[in-house]
file entry.cif (mmCIF, N, CA and C atoms)
data_work
loop_
_atom_site.group_PDB
_atom_site.id
_atom_site.type_symbol
_atom_site.label_atom_id
_atom_site.label_comp_id
_atom_site.auth_asym_id
_atom_site.auth_seq_id
_atom_site.Cartn_x
_atom_site.Cartn_y
_atom_site.Cartn_z
ATOM 1 N N MET A 1 -51.551 82.075 -85.309
ATOM 2 C CA MET A 1 -50.781 82.041 -86.532
ATOM 3 C C MET A 1 -50.615 80.599 -86.987
ATOM 4 N N THR A 2 -50.684 80.392 -88.265
ATOM 5 C CA THR A 2 -50.560 79.027 -88.765
ATOM 6 C C THR A 2 -49.156 78.483 -88.591
ATOM 7 N N GLU A 3 -48.144 79.355 -88.614
ATOM 8 C CA GLU A 3 -46.782 78.858 -88.449
ATOM 9 C C GLU A 3 -46.496 78.387 -87.029
ATOM 10 N N ASP A 4 -47.369 78.733 -86.082
ATOM 11 C CA ASP A 4 -47.200 78.288 -84.701
ATOM 12 C C ASP A 4 -47.705 76.870 -84.480
ATOM 13 N N GLY A 5 -48.436 76.292 -85.419
ATOM 14 C CA GLY A 5 -48.976 74.955 -85.244
ATOM 15 C C GLY A 5 -50.144 74.945 -84.281
ATOM 16 N N ALA A 6 -50.553 73.777 -83.862
ATOM 17 C CA ALA A 6 -51.658 73.631 -82.910
ATOM 18 C C ALA A 6 -51.085 73.443 -81.515
ATOM 19 N N ASP A 7 -51.779 74.005 -80.544
ATOM 20 C CA ASP A 7 -51.326 73.911 -79.155
ATOM 21 C C ASP A 7 -52.557 73.961 -78.268
ATOM 22 N N PHE A 8 -52.828 72.887 -77.530
ATOM 23 C CA PHE A 8 -53.977 72.887 -76.634
ATOM 24 C C PHE A 8 -53.727 72.001 -75.433
ATOM 25 N N ILE A 9 -54.539 72.227 -74.387
ATOM 26 C CA ILE A 9 -54.407 71.500 -73.129
ATOM 27 C C ILE A 9 -55.687 70.711 -72.881
ATOM 28 N N VAL A 10 -55.525 69.443 -72.537
ATOM 29 C CA VAL A 10 -56.653 68.594 -72.164
ATOM 30 C C VAL A 10 -56.702 68.563 -70.646
ATOM 31 N N ARG A 11 -57.856 68.947 -70.097
ATOM 32 C CA ARG A 11 -58.022 69.014 -68.646
ATOM 33 C C ARG A 11 -59.332 68.322 -68.280
ATOM 34 N N PHE A 12 -59.270 67.374 -67.365
ATOM 35 C CA PHE A 12 -60.462 66.708 -66.872
ATOM 36 C C PHE A 12 -61.008 67.483 -65.687
ATOM 37 N N LYS A 13 -62.275 67.837 -65.725
ATOM 38 C CA LYS A 13 -62.890 68.607 -64.649
ATOM 39 C C LYS A 13 -63.476 67.705 -63.564
ATOM 40 N N LYS A 14 -63.921 66.514 -63.937
ATOM 41 C CA LYS A 14 -64.494 65.584 -62.961
ATOM 42 C C LYS A 14 -63.671 64.307 -62.984
ATOM 43 N N ASN A 15 -63.261 63.887 -61.818
ATOM 44 C CA ASN A 15 -62.428 62.697 -61.694
ATOM 45 C C ASN A 15 -63.229 61.582 -61.055
ATOM 46 N N ARG A 16 -63.795 60.736 -61.874
ATOM 47 C CA ARG A 16 -64.590 59.625 -61.351
ATOM 48 C C ARG A 16 -63.839 58.311 -61.537
ATOM 49 N N ILE A 17 -62.624 58.299 -61.018
ATOM 50 C CA ILE A 17 -61.792 57.102 -61.082
ATOM 51 C C ILE A 17 -61.143 56.890 -59.725
ATOM 52 N N LYS A 18 -60.476 55.760 -59.569
ATOM 53 C CA LYS A 18 -59.772 55.484 -58.322
ATOM 54 C C LYS A 18 -58.647 56.480 -58.125
ATOM 55 N N LYS A 19 -58.373 56.827 -56.873
ATOM 56 C CA LYS A 19 -57.303 57.796 -56.563
ATOM 57 C C LYS A 19 -55.967 57.378 -57.162
ATOM 58 N N GLY A 20 -55.687 56.100 -57.135
ATOM 59 C CA GLY A 20 -54.416 55.613 -57.670
ATOM 60 C C GLY A 20 -54.261 55.848 -59.159
ATOM 61 N N ASP A 21 -55.382 56.036 -59.858
ATOM 62 C CA ASP A 21 -55.342 56.254 -61.307
ATOM 63 C C ASP A 21 -55.354 57.734 -61.694
ATOM 64 N N LEU A 22 -55.441 58.640 -60.714
ATOM 65 C CA LEU A 22 -55.499 60.070 -61.012
ATOM 66 C C LEU A 22 -54.326 60.574 -61.864
ATOM 67 N N PRO A 23 -53.095 60.101 -61.629
ATOM 68 C CA PRO A 23 -51.993 60.585 -62.480
ATOM 69 C C PRO A 23 -52.193 60.276 -63.964
ATOM 70 N N LEU A 24 -53.013 59.292 -64.256
ATOM 71 C CA LEU A 24 -53.249 58.931 -65.655
ATOM 72 C C LEU A 24 -54.064 59.982 -66.401
ATOM 73 N N ILE A 25 -54.772 60.838 -65.656
ATOM 74 C CA ILE A 25 -55.580 61.864 -66.313
ATOM 75 C C ILE A 25 -55.104 63.272 -65.956
ATOM 76 N N ALA A 26 -53.826 63.417 -65.715
ATOM 77 C CA ALA A 26 -53.269 64.735 -65.409
ATOM 78 C C ALA A 26 -53.434 65.657 -66.609
ATOM 79 N N ASP A 27 -53.485 66.963 -66.355
ATOM 80 C CA ASP A 27 -53.561 67.928 -67.444
ATOM 81 C C ASP A 27 -52.386 67.696 -68.388
ATOM 82 N N THR A 28 -52.689 67.652 -69.683
ATOM 83 C CA THR A 28 -51.674 67.352 -70.676
ATOM 84 C C THR A 28 -51.738 68.371 -71.806
ATOM 85 N N GLU A 29 -50.592 68.882 -72.196
ATOM 86 C CA GLU A 29 -50.521 69.821 -73.316
ATOM 87 C C GLU A 29 -50.096 69.056 -74.564
ATOM 88 N N PHE A 30 -50.818 69.290 -75.659
ATOM 89 C CA PHE A 30 -50.516 68.687 -76.949
ATOM 90 C C PHE A 30 -50.113 69.792 -77.917
ATOM 91 N N LYS A 31 -49.076 69.532 -78.702
ATOM 92 C CA LYS A 31 -48.617 70.499 -79.703
ATOM 93 C C LYS A 31 -48.389 69.782 -81.023
ATOM 94 N N LEU A 32 -48.802 70.435 -82.088
ATOM 95 C CA LEU A 32 -48.525 69.952 -83.432
ATOM 96 C C LEU A 32 -47.594 70.965 -84.075
ATOM 97 N N ASP A 33 -46.385 70.541 -84.367
ATOM 98 C CA ASP A 33 -45.375 71.418 -84.939
ATOM 99 C C ASP A 33 -44.854 70.839 -86.242
ATOM 100 N N GLU A 34 -44.315 71.716 -87.045
ATOM 101 C CA GLU A 34 -43.688 71.290 -88.293
ATOM 102 C C GLU A 34 -42.184 71.469 -88.157
ATOM 103 N N LYS A 35 -41.465 70.428 -88.490
ATOM 104 C CA LYS A 35 -40.005 70.502 -88.467
ATOM 105 C C LYS A 35 -39.484 69.840 -89.733
ATOM 106 N N ASP A 36 -38.760 70.595 -90.505
ATOM 107 C CA ASP A 36 -38.219 70.103 -91.779
ATOM 108 C C ASP A 36 -39.313 69.543 -92.677
ATOM 109 N N GLY A 37 -40.465 70.207 -92.695
ATOM 110 C CA GLY A 37 -41.565 69.793 -93.564
ATOM 111 C C GLY A 37 -42.367 68.611 -93.052
ATOM 112 N N ILE A 38 -42.083 68.160 -91.851
ATOM 113 C CA ILE A 38 -42.786 67.001 -91.275
ATOM 114 C C ILE A 38 -43.585 67.468 -90.066
ATOM 115 N N LEU A 39 -44.865 67.116 -90.041
ATOM 116 C CA LEU A 39 -45.708 67.444 -88.893
ATOM 117 C C LEU A 39 -45.526 66.381 -87.821
ATOM 118 N N GLN A 40 -45.414 66.837 -86.571
ATOM 119 C CA GLN A 40 -45.278 65.872 -85.477
ATOM 120 C C GLN A 40 -45.989 66.376 -84.229
ATOM 121 N N TRP A 41 -46.601 65.447 -83.518
ATOM 122 C CA TRP A 41 -47.267 65.748 -82.250
ATOM 123 C C TRP A 41 -46.279 65.542 -81.118
ATOM 124 N N THR A 42 -46.322 66.455 -80.165
ATOM 125 C CA THR A 42 -45.594 66.281 -78.911
ATOM 126 C C THR A 42 -46.590 66.523 -77.789
ATOM 127 N N TRP A 43 -46.335 65.952 -76.634
ATOM 128 C CA TRP A 43 -47.222 66.145 -75.502
ATOM 129 C C TRP A 43 -46.440 65.999 -74.217
ATOM 130 N N GLY A 44 -47.003 66.583 -73.174
ATOM 131 C CA GLY A 44 -46.366 66.501 -71.871
ATOM 132 C C GLY A 44 -47.224 67.145 -70.805
ATOM 133 N N SER A 45 -46.812 66.994 -69.580
ATOM 134 C CA SER A 45 -47.536 67.519 -68.430
ATOM 135 C C SER A 45 -47.448 69.039 -68.395
ATOM 136 N N VAL A 46 -48.524 69.671 -67.958
ATOM 137 C CA VAL A 46 -48.519 71.130 -67.814
ATOM 138 C C VAL A 46 -48.362 71.535 -66.352
ATOM 139 N N LYS A 47 -48.218 70.575 -65.470
ATOM 140 C CA LYS A 47 -48.152 70.881 -64.048
ATOM 141 C C LYS A 47 -47.029 71.860 -63.723
ATOM 142 N N GLY A 48 -45.846 71.619 -64.246
ATOM 143 C CA GLY A 48 -44.724 72.517 -63.991
ATOM 144 C C GLY A 48 -44.950 73.903 -64.564
ATOM 145 N N GLN A 49 -45.546 73.972 -65.742
ATOM 146 C CA GLN A 49 -45.829 75.263 -66.361
ATOM 147 C C GLN A 49 -46.847 76.032 -65.530
ATOM 148 N N THR A 50 -47.869 75.356 -65.052
ATOM 149 C CA THR A 50 -48.891 76.012 -64.237
ATOM 150 C C THR A 50 -48.279 76.511 -62.935
ATOM 151 N N ARG A 51 -47.443 75.705 -62.326
ATOM 152 C CA ARG A 51 -46.768 76.091 -61.081
ATOM 153 C C ARG A 51 -45.949 77.357 -61.299
ATOM 154 N N ASP A 52 -45.171 77.385 -62.370
ATOM 155 C CA ASP A 52 -44.345 78.551 -62.648
ATOM 156 C C ASP A 52 -45.199 79.787 -62.893
ATOM 157 N N GLU A 53 -46.311 79.628 -63.578
ATOM 158 C CA GLU A 53 -47.194 80.768 -63.836
ATOM 159 C C GLU A 53 -47.807 81.278 -62.535
ATOM 160 N N ILE A 54 -48.186 80.361 -61.644
ATOM 161 C CA ILE A 54 -48.702 80.765 -60.325
ATOM 162 C C ILE A 54 -47.644 81.584 -59.592
ATOM 163 N N LEU A 55 -46.412 81.104 -59.598
ATOM 164 C CA LEU A 55 -45.333 81.802 -58.899
ATOM 165 C C LEU A 55 -45.077 83.177 -59.503
ATOM 166 N N ARG A 56 -45.120 83.280 -60.821
ATOM 167 C CA ARG A 56 -44.956 84.587 -61.479
ATOM 168 C C ARG A 56 -46.061 85.544 -61.050
ATOM 169 N N MET A 57 -47.288 85.035 -61.031
ATOM 170 C CA MET A 57 -48.429 85.876 -60.675
ATOM 171 C C MET A 57 -48.372 86.294 -59.205
ATOM 172 N N LEU A 58 -47.966 85.386 -58.329
ATOM 173 C CA LEU A 58 -47.803 85.742 -56.918
ATOM 174 C C LEU A 58 -46.740 86.831 -56.771
ATOM 175 N N ASP A 59 -45.654 86.688 -57.500
ATOM 176 C CA ASP A 59 -44.578 87.667 -57.453
ATOM 177 C C ASP A 59 -45.071 89.047 -57.908
ATOM 178 N N GLU A 60 -46.009 89.061 -58.841
ATOM 179 C CA GLU A 60 -46.568 90.323 -59.346
ATOM 180 C C GLU A 60 -47.624 90.903 -58.405
ATOM 181 N N GLY A 61 -47.940 90.172 -57.335
ATOM 182 C CA GLY A 61 -48.910 90.661 -56.365
ATOM 183 C C GLY A 61 -50.356 90.423 -56.761
ATOM 184 N N ILE A 62 -50.578 89.523 -57.715
ATOM 185 C CA ILE A 62 -51.940 89.219 -58.157
ATOM 186 C C ILE A 62 -52.636 88.385 -57.084
ATOM 187 N N PRO A 63 -53.837 88.779 -56.674
ATOM 188 C CA PRO A 63 -54.563 88.037 -55.634
ATOM 189 C C PRO A 63 -54.884 86.598 -56.055
ATOM 190 N N GLN A 64 -54.957 85.724 -55.065
ATOM 191 C CA GLN A 64 -55.220 84.307 -55.313
ATOM 192 C C GLN A 64 -56.495 84.099 -56.127
ATOM 193 N N ALA A 65 -57.550 84.842 -55.837
ATOM 194 C CA ALA A 65 -58.818 84.677 -56.557
ATOM 195 C C ALA A 65 -58.645 84.964 -58.053
ATOM 196 N N GLU A 66 -57.830 85.946 -58.379
ATOM 197 C CA GLU A 66 -57.587 86.270 -59.789
ATOM 198 C C GLU A 66 -56.727 85.194 -60.463
ATOM 199 N N ILE A 67 -55.777 84.639 -59.724
ATOM 200 C CA ILE A 67 -54.944 83.560 -60.262
ATOM 201 C C ILE A 67 -55.817 82.358 -60.593
ATOM 202 N N VAL A 68 -56.702 82.007 -59.662
ATOM 203 C CA VAL A 68 -57.620 80.879 -59.854
ATOM 204 C C VAL A 68 -58.443 81.075 -61.120
ATOM 205 N N LYS A 69 -58.988 82.251 -61.265
ATOM 206 C CA LYS A 69 -59.846 82.542 -62.423
ATOM 207 C C LYS A 69 -59.037 82.548 -63.726
ATOM 208 N N ALA A 70 -57.883 83.180 -63.714
ATOM 209 C CA ALA A 70 -57.067 83.300 -64.924
ATOM 210 C C ALA A 70 -56.555 81.951 -65.426
ATOM 211 N N LEU A 71 -56.191 81.077 -64.494
ATOM 212 C CA LEU A 71 -55.596 79.799 -64.885
ATOM 213 C C LEU A 71 -56.590 78.646 -64.899
ATOM 214 N N GLY A 72 -57.807 78.880 -64.417
ATOM 215 C CA GLY A 72 -58.818 77.821 -64.402
ATOM 216 C C GLY A 72 -58.467 76.676 -63.477
ATOM 217 N N ILE A 73 -57.899 77.008 -62.318
ATOM 218 C CA ILE A 73 -57.492 75.996 -61.349
ATOM 219 C C ILE A 73 -58.212 76.262 -60.036
ATOM 220 N N ASP A 74 -58.088 75.342 -59.075
ATOM 221 C CA ASP A 74 -58.770 75.558 -57.792
ATOM 222 C C ASP A 74 -57.847 76.273 -56.809
ATOM 223 N N LYS A 75 -58.477 76.965 -55.857
ATOM 224 C CA LYS A 75 -57.702 77.774 -54.913
ATOM 225 C C LYS A 75 -56.811 76.929 -54.019
ATOM 226 N N GLY A 76 -57.203 75.686 -53.771
ATOM 227 C CA GLY A 76 -56.374 74.796 -52.966
ATOM 228 C C GLY A 76 -55.026 74.533 -53.616
ATOM 229 N N TYR A 77 -55.021 74.417 -54.942
ATOM 230 C CA TYR A 77 -53.767 74.178 -55.666
ATOM 231 C C TYR A 77 -52.845 75.392 -55.539
ATOM 232 N N VAL A 78 -53.405 76.589 -55.667
ATOM 233 C CA VAL A 78 -52.609 77.806 -55.519
ATOM 234 C C VAL A 78 -52.003 77.860 -54.116
ATOM 235 N N SER A 79 -52.799 77.541 -53.110
ATOM 236 C CA SER A 79 -52.308 77.548 -51.725
ATOM 237 C C SER A 79 -51.181 76.537 -51.524
ATOM 238 N N ARG A 80 -51.325 75.355 -52.096
ATOM 239 C CA ARG A 80 -50.288 74.322 -51.955
ATOM 240 C C ARG A 80 -48.994 74.756 -52.645
ATOM 241 N N VAL A 81 -49.130 75.352 -53.836
ATOM 242 C CA VAL A 81 -47.937 75.822 -54.551
ATOM 243 C C VAL A 81 -47.241 76.904 -53.735
ATOM 244 N N ARG A 82 -48.022 77.847 -53.193
ATOM 245 C CA ARG A 82 -47.440 78.938 -52.393
ATOM 246 C C ARG A 82 -46.730 78.374 -51.164
ATOM 247 N N LYS A 83 -47.382 77.467 -50.448
ATOM 248 C CA LYS A 83 -46.804 76.902 -49.226
ATOM 249 C C LYS A 83 -45.500 76.158 -49.530
ATOM 250 N N LYS A 84 -45.518 75.321 -50.548
ATOM 251 C CA LYS A 84 -44.329 74.545 -50.917
ATOM 252 C C LYS A 84 -43.203 75.477 -51.372
ATOM 253 N N ALA A 85 -43.557 76.520 -52.129
ATOM 254 C CA ALA A 85 -42.548 77.471 -52.609
ATOM 255 C C ALA A 85 -41.905 78.216 -51.444
ATOM 256 N N MET A 86 -42.686 78.520 -50.421
ATOM 257 C CA MET A 86 -42.129 79.186 -49.245
ATOM 258 C C MET A 86 -41.199 78.232 -48.485
ATOM 259 N N GLU A 87 -41.607 76.973 -48.351
ATOM 260 C CA GLU A 87 -40.772 75.976 -47.680
ATOM 261 C C GLU A 87 -39.450 75.776 -48.413
ATOM 262 N N ASP A 88 -39.480 75.861 -49.755
ATOM 263 C CA ASP A 88 -38.290 75.623 -50.578
ATOM 264 C C ASP A 88 -37.502 76.900 -50.879
ATOM 265 N N ASN A 89 -37.878 78.005 -50.226
ATOM 266 C CA ASN A 89 -37.210 79.294 -50.413
ATOM 267 C C ASN A 89 -37.269 79.783 -51.863
ATOM 268 N N ILE A 90 -38.391 79.490 -52.525
ATOM 269 C CA ILE A 90 -38.603 79.965 -53.890
ATOM 270 C C ILE A 90 -39.309 81.315 -53.855
ATOM 271 N N ILE A 91 -40.197 81.480 -52.890
ATOM 272 C CA ILE A 91 -40.771 82.799 -52.628
ATOM 273 C C ILE A 91 -40.559 83.110 -51.153
ATOM 274 N N GLY A 92 -40.396 84.385 -50.874
ATOM 275 C CA GLY A 92 -40.169 84.814 -49.498
ATOM 276 C C GLY A 92 -41.480 85.092 -48.785
ATOM 277 N N LYS A 93 -41.381 85.459 -47.523
ATOM 278 C CA LYS A 93 -42.566 85.777 -46.720
ATOM 279 C C LYS A 93 -43.334 86.968 -47.283
ATOM 280 N N ASN A 94 -42.645 87.803 -48.053
ATOM 281 C CA ASN A 94 -43.288 88.956 -48.673
ATOM 282 C C ASN A 94 -44.071 88.587 -49.944
ATOM 283 N N GLY A 95 -44.030 87.298 -50.333
ATOM 284 C CA GLY A 95 -44.753 86.839 -51.513
ATOM 285 C C GLY A 95 -44.008 87.048 -52.812
ATOM 286 N N LYS A 96 -42.781 87.550 -52.740
ATOM 287 C CA LYS A 96 -41.968 87.815 -53.931
ATOM 288 C C LYS A 96 -40.987 86.672 -54.165
ATOM 289 N N LEU A 97 -40.650 86.455 -55.423
ATOM 290 C CA LEU A 97 -39.666 85.439 -55.770
ATOM 291 C C LEU A 97 -38.317 85.775 -55.150
ATOM 292 N N THR A 98 -37.656 84.767 -54.639
ATOM 293 C CA THR A 98 -36.283 84.922 -54.179
ATOM 294 C C THR A 98 -35.375 84.791 -55.407
ATOM 295 N N GLN A 99 -34.078 84.982 -55.223
ATOM 296 C CA GLN A 99 -33.151 84.787 -56.345
ATOM 297 C C GLN A 99 -33.219 83.348 -56.851
ATOM 298 N N ILE A 100 -33.341 82.408 -55.932
ATOM 299 C CA ILE A 100 -33.453 80.993 -56.305
ATOM 300 C C ILE A 100 -34.723 80.781 -57.132
ATOM 301 N N GLY A 101 -35.831 81.328 -56.662
ATOM 302 C CA GLY A 101 -37.102 81.174 -57.363
ATOM 303 C C GLY A 101 -37.082 81.809 -58.731
ATOM 304 N N PHE A 102 -36.538 83.008 -58.818
ATOM 305 C CA PHE A 102 -36.455 83.695 -60.109
ATOM 306 C C PHE A 102 -35.645 82.867 -61.100
ATOM 307 N N ALA A 103 -34.520 82.325 -60.652
ATOM 308 C CA ALA A 103 -33.682 81.506 -61.518
ATOM 309 C C ALA A 103 -34.407 80.237 -61.971
ATOM 310 N N GLN A 104 -35.171 79.619 -61.071
ATOM 311 C CA GLN A 104 -35.878 78.388 -61.407
ATOM 312 C C GLN A 104 -36.956 78.600 -62.448
ATOM 313 N N ILE A 105 -37.785 79.621 -62.271
ATOM 314 C CA ILE A 105 -38.902 79.770 -63.209
ATOM 315 C C ILE A 105 -38.502 80.445 -64.511
ATOM 316 N N ASN A 106 -37.299 80.999 -64.554
ATOM 317 C CA ASN A 106 -36.822 81.620 -65.792
ATOM 318 C C ASN A 106 -35.726 80.816 -66.445
ATOM 319 N N ALA A 107 -35.518 79.576 -65.985
ATOM 320 C CA ALA A 107 -34.488 78.717 -66.565
ATOM 321 C C ALA A 107 -34.874 78.374 -67.999
ATOM 322 N N VAL A 108 -33.887 78.378 -68.862
ATOM 323 C CA VAL A 108 -34.094 78.021 -70.262
ATOM 324 C C VAL A 108 -33.786 76.545 -70.433
ATOM 325 N N ASP A 109 -34.731 75.838 -71.066
ATOM 326 C CA ASP A 109 -34.536 74.391 -71.279
ATOM 327 C C ASP A 109 -33.496 74.126 -72.340
#
call {"tool": "encode", "arguments": {"input": "entry.cif", "output": "structure tokens"}}
result
Amino acid sequence: MTEDGADFIVRFKKNRIKKGDLPLIADTEFKLDEKDGILQWTWGSVKGQTRDEILRMLDEGIPQAEIVKALGIDKGYVSRVRKKAMEDNIIGKNGKLTQIGFAQINAVD
């Protein structure tokens, strides 16, 4: 829809830079919105959004291979998110969101 403005994500598939510079090419979401008749660009990291989507999909019982394909990410990232979420009591051993996890990924900004 035109009233939604532009919204896209820039993702680098090959990282041929020094490890210390990797944060400089993190996945970034760009949005063009209109506010009070003025167009403005906003941008920010998509890492948190991707993490939350992984957690939602895990909670729904979606297999890791399908998550990887749907989100265009590598399986190692999904595994790291799952492991960290379990350590932080965001998802339980059953793979479902805990109350803490549900509150975190559904928090309104």
call {"tool": "residues_near_point", "arguments": {"input": "entry.cif", "point": "(-54.5, 71.6, -72.2)", "cutoff": "6 Å", "atoms": "all atoms listed in the file", "output": "JSON, numbers by chain"}}
result
{"A": [8, 9, 10, 11, 27, 28, 29, 30]}
call {"tool": "resolve_selection", "arguments": {"input": "entry.cif", "expression": "the PyMOL selection byres (((chain A and resi 65 and name CA) around 12) and name CA)", "output": "ChimeraX atom specification"}}
result
/A:54,57-58,61-64,66-79
call {"tool": "resolve_selection", "arguments": {"input": "entry.cif", "expression": "the PyMOL selection byres (((chain A and resi 98-108 and name CA) around 9) and name CA)", "output": "JSON, numbers by chain"}}
result
{"A": [49, 51, 52, 53, 55, 56, 85, 88, 89, 90, 91, 92, 96, 97, 109]}
call {"tool": "select_by_dssp", "arguments": {"input": "entry.cif", "residues": "chain A", "states": "helix (DSSP H, G or I)", "output": "VMD selection string"}}
result
chain A and resid 2 to 4 19 to 25 47 to 59 64 to 71 75 to 87 99 to 105
call {"tool": "select_by_dssp", "arguments": {"input": "entry.cif", "residues": "chain A", "states": "strand (DSSP E or B)", "output": "PyMOL selection string"}}
result
chain A and resi 6-10+28-35+38-45+91+97
call {"tool": "atom_distance", "arguments": {"input": "entry.cif", "atom1": "atom N of Arg80 of chain A", "atom2": "atom C of Asp7 of chain A"}}
result
26.2 Å
call {"tool": "atom_distance", "arguments": {"input": "entry.cif", "atom1": "atom CA of Glu60 of chain A", "atom2": "atom CA of Val81 of chain A"}}
result
15.3 Å
call {"tool": "atom_distance", "arguments": {"input": "entry.cif", "atom1": "atom C of Thr42 of chain A", "atom2": "atom C of Ala6 of chain A"}}
result
9.1 Å
call {"tool": "closest_residue", "arguments": {"input": "entry.cif", "among": "A:Gly44, A:Leu39, A:Asp59, A:Thr50", "to": "Ile25 of chain A", "atoms": "only C-alpha atoms"}}
result
A:Gly44
